[in-house]
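Structure, as structure tokens:
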Amino acid sequence: MLILGLETSCDETGVALYDTERGLLADALFSQVDIHVEYGGVVPELASRDHIRKTLPLVEEVLARAGCAGADIDGVAYTAGPGLVGALMVGATLARALAWGWGVPALGVHHMEGHLLAPMLEADPPEFPFVALLVSGGHTQLVRVDAIGEYRILGESLDDAAGEAFDKAAKMLGLPYPGGPHIARLAQRGHAGRFTFPRPMVNRPGLDFSFSGLKTYTLNTVAECGESGALSEQDKCDIALAFEEAVVATLVIKCRRALREEQLKTLVIAGGVSANLSLRRQLDEALAKEGGRVFYPAPRFCTDNGAMIAYAGARRLQAGQRDDAATRVRPRWPMEELSPLAPAGG
């Protein structure tokens with residue numbers, strides 16, 4: 001099956017073609033960072049308008065790159081949620097229109113399932129079962145994955161997600177949106193040990209996360225350093241390093257705990273924060289000592305992208321799942337509500 005995938009859940013427009021026999025044929029991505037940076041975060045109305053402008057041209061570009069035409073498509077997958085409702089509607093309505101025009105089925109895909117399955121696009125994918133750490137801008141979750149659609153949430157953020165915490169810490173330091181890459185770059189020049197930030201909720205049982213206290217601690221540190229004037233560049237680097245160390249250490253501790261409790265050795269990490277090099281290095285080192293292994297998507301598939309939606313949609317469409325004629329999006333959509341993947345006719 002040849003599946004077209006559309007991703008328009010937030011501030012990136014992603015389109016991809018995935019073939020169930022040949023793999024990923026082509027993909028394209030347009031980031032709206034330059035549009036939202038002056039506002040310090042995503043403006044939903046601007047995001048929706050830009051998806052309207054960019055999605056169809058990207059579809060045409062991807063089809064041309066792959067040497068395919070609409071008549072070759074066997075199904076259309078699109079992100080149905082979670083995400084910004086206006087942005088989701090852009091992708092959903094275009095996907096349904098294309099599917100209707102081509103006479104093929106359409107299927108709404110769960111955005112986080114797309115992230116979770118992104119490592120399956122690699123040459124050496126993980127095998128089930130495994131624990132997944134999903135760390136995107138709006139989500140931080142630990143999930144036990146026994147098969148596609150068989151998910152059990154082990155822990156999640158009770159307030160800000162890790163990506164949101166990076167964005168807010170960056171704003172405190174006068175850094176542009178999105179904050180994660182800018183914090184990471186500053187941290188490389190930080191002096192280790194000058195500041196030690198708390199590792200939230202690691203000394204209590206459970207696998208939930210909370211980054212609001214860490215955000216407050218960062219704000220207080222910025223205020224203390226700035227009492228005698230503006231923060232120096234080294235102050236910013238040292239605070240960025242301490243903040244990054246705290247977030248990374250917290251995620252690593254919770255991942256190791258989840259693997260022990262589930263008696264598993266395989267960890268999948270996906271979502272925008274999974275591109276953080278310090279997090280990757282520390283997870284690799286920690287799991288190697290325990291005989292485990294970490295799987296990641298390629299860096300370009302860590303952020304929102306059409307390839308992960310095309311792959312997730314292809315697996316479900318191949319199993320015979322279809323949407324009815326109604327166009328529905330779900331800004332909030334618990335992963336545990338997803339149906340298990342069953343073979344066609346099963």
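Following the order of the structure tokens, chains are lettered A, B, ..., residues in each are numbered from 1, and ligands are numbered from 1.
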Contacts between segment 220-237 of chain A and segment 158-214 of chain A, please, where a residue of segment 158-214 of chain A counts if it comes within 10 Å (with only C-alpha atoms); show its shortest atom pair and distance in Å to one decimal, rows by chain and ascending number, as a tab-separated table.
residue	atom	partner	partner_atom	distance
A:Ala169	CA	A:Val222	CA	9.6
A:Ala170	CA	A:Lys236	CA	9.5
A:Met172	CA	A:Val222	CA	7.3
A:Leu173	CA	A:Lys236	CA	6.3
A:Gly174	CA	A:Lys236	CA	9.0
A:Leu175	CA	A:Lys236	CA	9.6
A:Ile183	CA	A:Cys237	CA	8.1
A:Ala184	CA	A:Cys237	CA	9.3
A:Arg185	CA	A:Cys237	CA	8.5
A:Leu186	CA	A:Cys237	CA	4.7
A:Ala187	CA	A:Cys237	CA	5.3
A:Gln188	CA	A:Cys237	CA	7.5
A:Arg189	CA	A:Cys237	CA	5.8
A:Gly190	CA	A:Cys237	CA	4.4
A:His191	CA	A:Cys237	CA	7.5
A:Ala192	CA	A:Cys237	CA	9.9
A:Arg194	CA	A:Asp235	CA	9.5
A:Phe195	CA	A:Thr221	CA	8.7
A:Phe197	CA	A:Thr221	CA	9.4
A:Leu214	CA	A:Asn220	CA	9.9
Practice problem: Would you list the contacts of Ile148 of chain A as a VMD selection string, taking every protein, DNA or RNA residue within 8 Å and counting only C-alpha atoms, but skipping same-chain residues closer than 3 positions in sequence? | Solution: chain A and resid 145 151 340 to 341
Quiz item: as number ranges by chain, which residues of segment 19-208 of chain A does DSSP assign to alpha helix (DSSP H)?
Solution: A: 33-36, 44-66, 85-102, 111-117, 162-172, 179-187
